[in-house]
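Colleague: This is coords_3.pdb (PDB, C-alpha atoms).
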ATOM      1  CA  GLY A  17      63.732  25.232 267.177
ATOM      2  CA  ASP A  18      62.977  28.916 266.911
ATOM      3  CA  SER A  19      65.617  31.367 268.038
ATOM      4  CA  VAL A  20      66.312  35.104 268.134
ATOM      5  CA  THR A  21      69.731  36.740 268.121
ATOM      6  CA  GLN A  22      70.263  40.362 269.118
ATOM      7  CA  MET A  23      73.360  42.485 268.912
ATOM      8  CA  GLU A  24      75.548  42.353 271.972
ATOM      9  CA  GLY A  25      75.215  45.185 274.415
ATOM     10  CA  PRO A  26      75.451  47.309 276.282
ATOM     11  CA  VAL A  27      74.944  50.208 273.903
ATOM     12  CA  THR A  28      75.837  53.674 275.126
ATOM     13  CA  LEU A  29      74.793  56.759 273.152
ATOM     14  CA  SER A  30      74.589  60.488 273.564
ATOM     15  CA  GLU A  31      71.206  62.175 273.435
ATOM     16  CA  GLU A  32      69.955  62.801 269.871
ATOM     17  CA  ALA A  33      72.189  60.075 268.422
ATOM     18  CA  PHE A  34      70.860  57.506 265.931
ATOM     19  CA  LEU A  35      70.055  54.085 267.325
ATOM     20  CA  THR A  36      70.150  50.695 265.640
ATOM     21  CA  ILE A  37      69.750  47.416 267.494
ATOM     22  CA  ASN A  38      70.128  44.427 265.212
ATOM     23  CA  CYS A  39      67.857  41.403 265.487
ATOM     24  CA  THR A  40      67.835  38.271 263.370
ATOM     25  CA  TYR A  41      65.720  35.190 263.787
ATOM     26  CA  THR A  42      65.449  31.527 262.872
ATOM     27  CA  ALA A  43      61.969  30.069 262.627
ATOM     28  CA  THR A  44      59.850  27.706 260.626
ATOM     29  CA  GLY A  45      57.119  29.354 258.645
ATOM     30  CA  TYR A  46      56.332  33.032 259.016
ATOM     31  CA  PRO A  47      56.549  34.199 262.602
ATOM     32  CA  SER A  48      55.203  37.374 264.121
ATOM     33  CA  LEU A  49      57.978  39.682 265.339
ATOM     34  CA  PHE A  50      58.041  41.995 268.330
ATOM     35  CA  TRP A  51      60.164  44.507 270.162
ATOM     36  CA  TYR A  52      59.522  44.743 273.872
ATOM     37  CA  VAL A  53      61.114  47.291 276.207
ATOM     38  CA  GLN A  54      61.859  46.898 279.917
ATOM     39  CA  TYR A  55      62.450  50.098 281.864
ATOM     40  CA  PRO A  56      64.398  49.810 285.122
ATOM     41  CA  GLY A  57      62.434  47.978 287.794
ATOM     42  CA  GLU A  58      59.440  47.371 285.552
ATOM     43  CA  GLY A  59      57.903  44.604 283.503
ATOM     44  CA  LEU A  60      58.081  44.347 279.748
ATOM     45  CA  GLN A  61      55.861  46.413 277.519
ATOM     46  CA  LEU A  62      55.270  46.108 273.830
ATOM     47  CA  LEU A  63      57.131  48.706 271.803
ATOM     48  CA  LEU A  64      56.087  47.598 268.313
ATOM     49  CA  LYS A  65      55.306  44.526 266.263
ATOM     50  CA  ALA A  66      54.909  43.223 262.718
ATOM     51  CA  THR A  67      52.994  40.145 261.715
ATOM     52  CA  LYS A  68      53.927  39.692 258.069
ATOM     53  CA  ALA A  69      56.807  40.284 255.697
ATOM     54  CA  ASP A  70      57.550  43.898 254.743
ATOM     55  CA  ASP A  71      55.309  45.239 257.526
ATOM     56  CA  LYS A  72      56.788  48.149 259.433
ATOM     57  CA  GLY A  73      56.014  48.514 263.113
ATOM     58  CA  SER A  74      56.422  51.947 264.672
ATOM     59  CA  ASN A  75      55.835  53.596 268.029
ATOM     60  CA  LYS A  76      57.330  56.527 269.988
ATOM     61  CA  GLY A  77      59.766  57.274 267.157
ATOM     62  CA  PHE A  78      61.030  53.695 266.990
ATOM     63  CA  GLU A  79      60.672  51.654 263.799
ATOM     64  CA  ALA A  80      61.402  48.124 262.648
ATOM     65  CA  THR A  81      60.680  46.424 259.326
ATOM     66  CA  TYR A  82      60.013  42.699 258.952
ATOM     67  CA  ARG A  83      62.567  41.498 256.380
ATOM     68  CA  LYS A  84      61.836  37.928 255.405
ATOM     69  CA  GLU A  85      64.715  37.702 252.918
ATOM     70  CA  THR A  86      67.295  38.530 255.587
ATOM     71  CA  THR A  87      65.253  37.114 258.532
ATOM     72  CA  SER A  88      65.758  40.382 260.358
ATOM     73  CA  PHE A  89      63.782  42.911 262.394
ATOM     74  CA  HIS A  90      66.244  45.672 263.283
ATOM     75  CA  LEU A  91      65.117  48.414 265.667
ATOM     76  CA  GLU A  92      65.904  52.029 264.770
ATOM     77  CA  LYS A  93      65.312  55.468 266.194
ATOM     78  CA  GLY A  94      66.516  58.683 264.636
ATOM     79  CA  SER A  95      67.163  60.649 267.821
ATOM     80  CA  VAL A  96      67.315  58.941 271.197
ATOM     81  CA  GLN A  97      66.473  60.578 274.514
ATOM     82  CA  VAL A  98      67.706  59.895 278.030
ATOM     83  CA  SER A  99      64.252  58.464 278.764
ATOM     84  CA  ASP A 100      64.888  55.706 276.172
ATOM     85  CA  SER A 101      67.445  54.102 278.481
ATOM     86  CA  ALA A 102      66.127  50.570 279.023
ATOM     87  CA  VAL A 103      66.592  46.955 278.003
ATOM     88  CA  TYR A 104      65.224  46.113 274.548
ATOM     89  CA  PHE A 105      64.108  42.601 273.633
ATOM     90  CA  CYS A 106      63.445  41.253 270.190
ATOM     91  CA  ALA A 107      61.004  38.338 270.180
ATOM     92  CA  LEU A 108      59.022  36.109 267.889
ATOM     93  CA  SER A 109      55.916  33.984 268.077
ATOM     94  CA  ASP A 110      54.279  31.779 265.523
ATOM     95  CA  GLN A 111      51.332  32.975 263.487
ATOM     96  CA  ALA A 112      47.737  32.525 264.619
ATOM     97  CA  GLY A 113      46.878  28.844 264.447
ATOM     98  CA  GLY A 114      50.474  27.761 264.847
ATOM     99  CA  THR A 115      51.534  24.894 267.051
ATOM    100  CA  SER A 116      53.625  26.972 269.442
ATOM    101  CA  TYR A 117      50.405  28.482 270.816
ATOM    102  CA  GLY A 118      51.647  32.015 270.850
ATOM    103  CA  LYS A 119      54.640  31.523 273.113
ATOM    104  CA  LEU A 120      57.259  34.242 272.806
ATOM    105  CA  THR A 121      60.863  33.320 272.078
ATOM    106  CA  PHE A 122      63.145  36.167 273.150
ATOM    107  CA  GLY A 123      66.569  37.389 272.187
ATOM    108  CA  GLN A 124      69.077  37.987 274.957
ATOM    109  CA  GLY A 125      68.174  41.654 275.380
ATOM    110  CA  THR A 126      70.233  44.766 274.665
ATOM    111  CA  ILE A 127      70.892  47.302 277.395
ATOM    112  CA  LEU A 128      70.707  50.876 276.080
ATOM    113  CA  THR A 129      72.050  53.794 278.074
ATOM    114  CA  VAL A 130      71.577  57.323 276.750
ATOM    115  CA  HIS A 131      73.645  60.152 278.260
ATOM    116  CA  PRO A 132      72.638  63.837 278.199
TER     117      PRO A 132
ATOM    118  CA  ASP B  25      44.102  50.341 287.051
ATOM    119  CA  THR B  26      46.896  47.788 286.858
ATOM    120  CA  ALA B  27      46.279  45.466 283.925
ATOM    121  CA  VAL B  28      48.462  42.568 285.069
ATOM    122  CA  SER B  29      49.453  42.495 288.724
ATOM    123  CA  GLN B  30      51.708  40.155 290.658
ATOM    124  CA  THR B  31      52.279  39.596 294.354
ATOM    125  CA  PRO B  32      54.648  39.730 296.013
ATOM    126  CA  LYS B  33      57.076  42.047 294.223
ATOM    127  CA  TYR B  34      60.024  40.691 296.207
ATOM    128  CA  LEU B  35      60.415  37.283 297.810
ATOM    129  CA  VAL B  36      63.447  36.273 299.854
ATOM    130  CA  THR B  37      63.495  32.759 301.270
ATOM    131  CA  GLN B  38      65.701  29.884 302.335
ATOM    132  CA  MET B  39      66.576  26.832 300.277
ATOM    133  CA  GLY B  40      64.099  24.029 300.729
ATOM    134  CA  ASN B  41      61.114  26.256 301.461
ATOM    135  CA  ASP B  42      57.865  26.300 299.492
ATOM    136  CA  LYS B  43      56.535  29.595 298.130
ATOM    137  CA  SER B  44      53.785  30.929 295.883
ATOM    138  CA  ILE B  45      53.517  33.855 293.492
ATOM    139  CA  LYS B  46      50.113  35.178 292.481
ATOM    140  CA  CYS B  47      49.071  36.840 289.231
ATOM    141  CA  GLU B  48      45.851  38.548 288.259
ATOM    142  CA  GLN B  49      44.797  40.246 285.030
ATOM    143  CA  ASN B  50      41.793  42.539 284.603
ATOM    144  CA  LEU B  51      41.938  42.701 280.809
ATOM    145  CA  GLY B  52      39.420  39.955 280.182
ATOM    146  CA  HIS B  53      42.051  37.875 278.382
ATOM    147  CA  ASP B  54      41.750  34.147 277.811
ATOM    148  CA  THR B  55      45.441  33.241 277.992
ATOM    149  CA  MET B  56      48.060  33.673 280.712
ATOM    150  CA  TYR B  57      51.759  32.846 280.871
ATOM    151  CA  TRP B  58      54.672  32.538 283.268
ATOM    152  CA  TYR B  59      58.159  33.554 282.130
ATOM    153  CA  LYS B  60      61.468  33.328 283.992
ATOM    154  CA  GLN B  61      64.157  36.005 283.602
ATOM    155  CA  ASP B  62      67.619  34.957 284.762
ATOM    156  CA  SER B  63      70.418  37.132 286.069
ATOM    157  CA  LYS B  64      71.599  37.883 282.530
ATOM    158  CA  LYS B  65      68.141  39.192 281.612
ATOM    159  CA  PHE B  66      67.360  36.177 279.419
ATOM    160  CA  LEU B  67      63.626  35.426 279.303
ATOM    161  CA  LYS B  68      62.157  31.979 278.799
ATOM    162  CA  ILE B  69      58.596  30.761 278.878
ATOM    163  CA  MET B  70      57.634  28.303 281.596
ATOM    164  CA  PHE B  71      53.878  27.746 281.264
ATOM    165  CA  SER B  72      50.813  28.986 279.473
ATOM    166  CA  TYR B  73      47.147  28.508 280.306
ATOM    167  CA  ASN B  74      44.105  29.107 278.156
ATOM    168  CA  ASN B  75      40.707  29.285 279.855
ATOM    169  CA  LYS B  76      42.181  27.545 282.920
ATOM    170  CA  GLU B  77      43.643  24.725 280.822
ATOM    171  CA  LEU B  78      47.409  24.061 280.749
ATOM    172  CA  ILE B  79      48.707  24.463 277.210
ATOM    173  CA  ILE B  80      52.481  24.853 277.442
ATOM    174  CA  ASN B  81      54.760  23.222 279.996
ATOM    175  CA  GLU B  82      58.229  24.032 278.816
ATOM    176  CA  THR B  83      60.174  21.218 280.538
ATOM    177  CA  VAL B  84      60.021  22.935 283.888
ATOM    178  CA  PRO B  85      60.934  20.830 286.959
ATOM    179  CA  ASN B  86      58.011  19.201 288.752
ATOM    180  CA  ARG B  87      58.738  21.420 291.760
ATOM    181  CA  PHE B  88      56.978  24.189 289.841
ATOM    182  CA  SER B  89      53.208  23.824 289.773
ATOM    183  CA  PRO B  90      50.990  26.438 288.149
ATOM    184  CA  LYS B  91      47.337  26.716 289.063
ATOM    185  CA  SER B  92      44.612  28.696 287.351
ATOM    186  CA  PRO B  93      41.469  28.942 289.492
ATOM    187  CA  ASP B  94      39.779  31.085 286.841
ATOM    188  CA  LYS B  95      40.658  32.900 283.609
ATOM    189  CA  ALA B  96      41.812  36.012 285.451
ATOM    190  CA  HIS B  97      44.270  34.311 287.794
ATOM    191  CA  LEU B  98      47.383  32.206 287.334
ATOM    192  CA  ASN B  99      49.444  31.318 290.379
ATOM    193  CA  LEU B 100      52.832  29.661 290.576
ATOM    194  CA  HIS B 101      53.749  27.399 293.467
ATOM    195  CA  ILE B 102      57.349  26.310 293.924
ATOM    196  CA  ASN B 103      58.306  23.429 296.207
ATOM    197  CA  SER B 104      61.711  22.747 297.724
ATOM    198  CA  LEU B 105      63.297  25.947 296.476
ATOM    199  CA  GLU B 106      66.848  25.735 295.130
ATOM    200  CA  LEU B 107      69.512  28.403 294.656
ATOM    201  CA  GLY B 108      69.055  28.176 290.889
ATOM    202  CA  ASP B 109      65.432  29.251 291.216
ATOM    203  CA  SER B 110      66.582  32.786 292.025
ATOM    204  CA  ALA B 111      65.278  34.918 289.170
ATOM    205  CA  VAL B 112      62.588  37.399 288.234
ATOM    206  CA  TYR B 113      59.297  35.718 287.360
ATOM    207  CA  PHE B 114      56.921  37.511 285.020
ATOM    208  CA  CYS B 115      53.282  36.812 284.471
ATOM    209  CA  ALA B 116      51.723  37.846 281.168
ATOM    210  CA  SER B 117      48.366  37.634 279.430
ATOM    211  CA  SER B 118      47.024  37.858 275.891
ATOM    212  CA  GLN B 119      43.583  38.072 274.375
ATOM    213  CA  ARG B 120      43.807  34.688 272.673
ATOM    214  CA  LEU B 121      45.972  31.625 272.491
ATOM    215  CA  ALA B 122      47.422  32.710 269.201
ATOM    216  CA  GLY B 123      50.672  33.813 267.722
ATOM    217  CA  GLY B 124      50.848  37.473 266.864
ATOM    218  CA  ASP B 125      48.765  38.571 269.841
ATOM    219  CA  THR B 126      50.353  41.150 272.100
ATOM    220  CA  GLN B 127      51.264  39.855 275.513
ATOM    221  CA  TYR B 128      50.869  42.187 278.501
ATOM    222  CA  PHE B 129      53.359  41.683 281.286
ATOM    223  CA  GLY B 130      53.129  42.154 285.008
ATOM    224  CA  PRO B 131      55.801  44.031 286.980
ATOM    225  CA  GLY B 132      57.633  40.861 287.950
ATOM    226  CA  THR B 133      58.440  39.049 291.193
ATOM    227  CA  ARG B 134      62.093  38.988 292.181
ATOM    228  CA  LEU B 135      62.745  35.689 293.971
ATOM    229  CA  THR B 136      65.964  35.316 295.951
ATOM    230  CA  VAL B 137      66.789  31.915 297.406
ATOM    231  CA  LEU B 138      69.463  31.959 300.124
TER     232      LEU B 138
END
What does the file become when written as structure tokens?

Modeller:
Amino acid sequence: GDSVTQMEGPVTLSEEAFLTINCTYTATGYPSLFWYVQYPGEGLQLLLKATKADDKGSNKGFEATYRKETTSFHLEKGSVQVSDSAVYFCALSDQAGGTSYGKLTFGQGTILTVHP
Amino acid sequence: DTAVSQTPKYLVTQMGNDKSIKCEQNLGHDTMYWYKQDSKKFLKIMFSYNNKELIINETVPNRFSPKSPDKAHLNLHINSLELGDSAVYFCASSQRLAGGDTQYFGPGTRLTVL
């Protein structure tokens, strides 16, 4: 079945440091890929997504590129802020018309803490 | 306006009790979901509904029974609660029953079974 693997956390960085959170996936066909973020005490919200190979999703300074050849969707940010402290989830779903009916399969989440 | 809302936010109860969690979305979406987040933050889908019809039942025990009275509501009833049911339950919705669509999550209901 489909699966998503994220780098182990927690990740602790100083403000303005460069962030990379690795994400690789296993899926049949060509899934859609997502990064969701969960701030403390809140639900998940979409950070960015990409629905086909070589697409780059970006939002709030975060970027991730859909790499079909390496089955990866690594999250990057050039300069993190204290307000970026949260749990980050990589996820996939099948494409429109797929037989998984849009269900999200999540990675295990990576806790990011950014210190001033 | 809250797009996806859940009640209650916290639920503490004894083993063996029956409880319900309610979810409402005001986005006009066709599809709603329940996810379970365990103590290690791992998220797994439980159910999805499209236009009040059950689409996904991800091998969840029969003690869990979702009900969708209309497209905007998806409730979760749990019978005979067990310690292992302690988790955060998230409701979500999407425009369509289709991969690639963004899912919008509620704030979660933290269930603690004593």

Colleague: Would you list which chain A residues are within 6 Å of chain B using all atoms listed in the file, as a count of residues only?

Modeller: 11

Colleague: Could you give me, as a list in words, the residues within 9 Å of Glu92 (chain A), counting all atoms listed in the file and dropping anything in the same chain fewer than 5 positions from it?

Modeller: Phe34, Leu35, Thr36, Ile37, Asn38, Gly77, Phe78, Glu79 and Ala80 of chain A

Colleague: Would you output that residue set with C-alpha atoms, as a PDB file, in the frame of the given file?

Modeller:
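Contents of the output file selection15.pdb:
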ATOM      1  CA  PHE A  34      70.860  57.506 265.931  1.00  0.00           C
ATOM      2  CA  LEU A  35      70.055  54.085 267.325  1.00  0.00           C
ATOM      3  CA  THR A  36      70.150  50.695 265.640  1.00  0.00           C
ATOM      4  CA  ILE A  37      69.750  47.416 267.494  1.00  0.00           C
ATOM      5  CA  ASN A  38      70.128  44.427 265.212  1.00  0.00           C
ATOM      6  CA  GLY A  77      59.766  57.274 267.157  1.00  0.00           C
ATOM      7  CA  PHE A  78      61.030  53.695 266.990  1.00  0.00           C
ATOM      8  CA  GLU A  79      60.672  51.654 263.799  1.00  0.00           C
ATOM      9  CA  ALA A  80      61.402  48.124 262.648  1.00  0.00           C
TER      10      ALA A  80
END

Colleague: Can you list, as a list in words, every protein, DNA or RNA residue that comes within 7 Å of Cys47 (chain B) when you count only C-alpha atoms, leaving out same-chain residues fewer than 4 positions away?

Modeller: Ser29, Gln30, Thr31, His97, Leu98, Asn99 and Cys115 of chain B

Colleague: Find the residues with any atom within 8 Å of (36.0, 33.3, 276.3); use only C-alpha atoms and the coordinates as given in the file, and write the answer as an MDAnalysis selection string.

Modeller: chainID B and resid 53:54 75

Colleague: Please dump the current selection as an mmCIF file, keeping the file's coordinate frame; keep C-alpha atoms.

Modeller:
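result25.cif was written with the following content:
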data_model
loop_
_atom_site.group_PDB
_atom_site.id
_atom_site.type_symbol
_atom_site.label_atom_id
_atom_site.label_comp_id
_atom_site.auth_asym_id
_atom_site.auth_seq_id
_atom_site.Cartn_x
_atom_site.Cartn_y
_atom_site.Cartn_z
ATOM 1 C CA HIS B 53 42.051 37.875 278.382
ATOM 2 C CA ASP B 54 41.750 34.147 277.811
ATOM 3 C CA ASN B 75 40.707 29.285 279.855
#

Colleague: Measuring between only C-alpha atoms, which one of B:Leu135, B:Asn86, B:Asn50, B:Ser117 shows the shortest distance to Gln61 (chain A)?

Modeller: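 Nearest to Gln61 (chain A): B:Ser117.
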
Colleague: Excluding Tyr41 (chain A) and any residue of its chain fewer than 6 positions from it, enumerate the residues within 8 Å of it, using all atoms listed in the file, and give them as a list in words.

Modeller: Asp18, Ser19, Val20, Thr21, Thr87, Ser88 and Leu108 of chain A

Colleague: State, in Å with one decimal place, the distance from CA of Leu51 (chain B) to CA of Lys65 (chain A).

Modeller: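 Distance reported for this atom pair: 19.8 Å.
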
Colleague: Separation of CA of Tyr82 (chain A) and CA of Ala69 (chain A), in Å?

Modeller: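 So the answer is 5.2 Å.
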
Colleague: Any chance you could work out the residue set of the PyMOL selection byres ((chain A and resi 81) around 7) here, as a list in words?

Modeller: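 What the PyMOL selection byres ((chain A and resi 81) around 7) grabs from the file is Asp70, Asp71, Lys72, Gly73, Glu79, Ala80, Tyr82, Arg83, Phe89 and His90 of chain A.
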
Colleague: What does the distance from CA of Pro90 (chain B) to CA of Lys43 (chain B) come to in Å, to one decimal?

Modeller: 11.8 Å

Colleague: I would like the residues chosen by the PyMOL selection byres ((chain B and resi 35-37) around 7) on the shown file; could you give them as a tab-separated table (two decimals) with C-alpha atoms, in the coordinates of the input?

Modeller:
chain	number	residue	atom	x	y	z
B	32	PRO	CA	54.65	39.73	296.01
B	33	LYS	CA	57.08	42.05	294.22
B	34	TYR	CA	60.02	40.69	296.21
B	38	GLN	CA	65.70	29.88	302.33
B	39	MET	CA	66.58	26.83	300.28
B	41	ASN	CA	61.11	26.26	301.46
B	134	ARG	CA	62.09	38.99	292.18
B	135	LEU	CA	62.74	35.69	293.97
B	136	THR	CA	65.96	35.32	295.95
B	137	VAL	CA	66.79	31.92	297.41
B	138	LEU	CA	69.46	31.96	300.12

Colleague: Please provide as a list in words all residues within 8 Å of region 29-33 of chain A, with the sequence filter that same-chain residues fewer than 3 positions apart are discarded (counting all atoms listed in the file).

Modeller: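 Using all atoms listed in the file, the neighbours found are Gly94, Ser95, Val96, Gln97, Val98, Leu128, Thr129, Val130, His131 and Pro132 of chain A.
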
Colleague: Please save C-alpha atoms of the selected residues as a CSV table (one decimal), keeping the file's coordinate frame.

Modeller:
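Listing of result_39.csv after writing:
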chain,number,residue,atom,x,y,z
A,94,GLY,CA,66.5,58.7,264.6
A,95,SER,CA,67.2,60.6,267.8
A,96,VAL,CA,67.3,58.9,271.2
A,97,GLN,CA,66.5,60.6,274.5
A,98,VAL,CA,67.7,59.9,278.0
A,128,LEU,CA,70.7,50.9,276.1
A,129,THR,CA,72.0,53.8,278.1
A,130,VAL,CA,71.6,57.3,276.8
A,131,HIS,CA,73.6,60.2,278.3
A,132,PRO,CA,72.6,63.8,278.2

Colleague: Please identify all polymer residues within 8 Å of Gly125 (chain A), counting all atoms listed in the file, omitting same-chain residues fewer than 5 positions from it, and present them as a PyMOL selection string.

Modeller: (chain A and resi 22+25+103-106) or (chain B and resi 65-66)

Colleague: Have a look at B:Leu78, B:Asp62, B:Gln119, B:Pro85 and name the one nearest to Asn103 (chain B); count only C-alpha atoms.

Modeller: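 Distance minimum relative to Asn103 (chain B) lands on B:Pro85.
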
Colleague: B:Ile102, B:Ile45, B:Lys60, B:Lys76: which is nearest Phe88 (chain B), counting all atoms listed in the file?

Modeller: B:Ile102

Colleague: For Phe122 (chain A), which residue among A:Thr67, A:Thr42, A:Ser99, A:Thr28 is the nearest when counting only C-alpha atoms?

Modeller: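 With only C-alpha atoms as the atom set, the closest residue is A:Thr42.
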
Colleague: A:Asp100, A:Glu24, A:Lys84, A:Leu49: which is nearest Lys119 (chain A), counting all atoms listed in the file?

Modeller: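 Closest candidate: A:Leu49.
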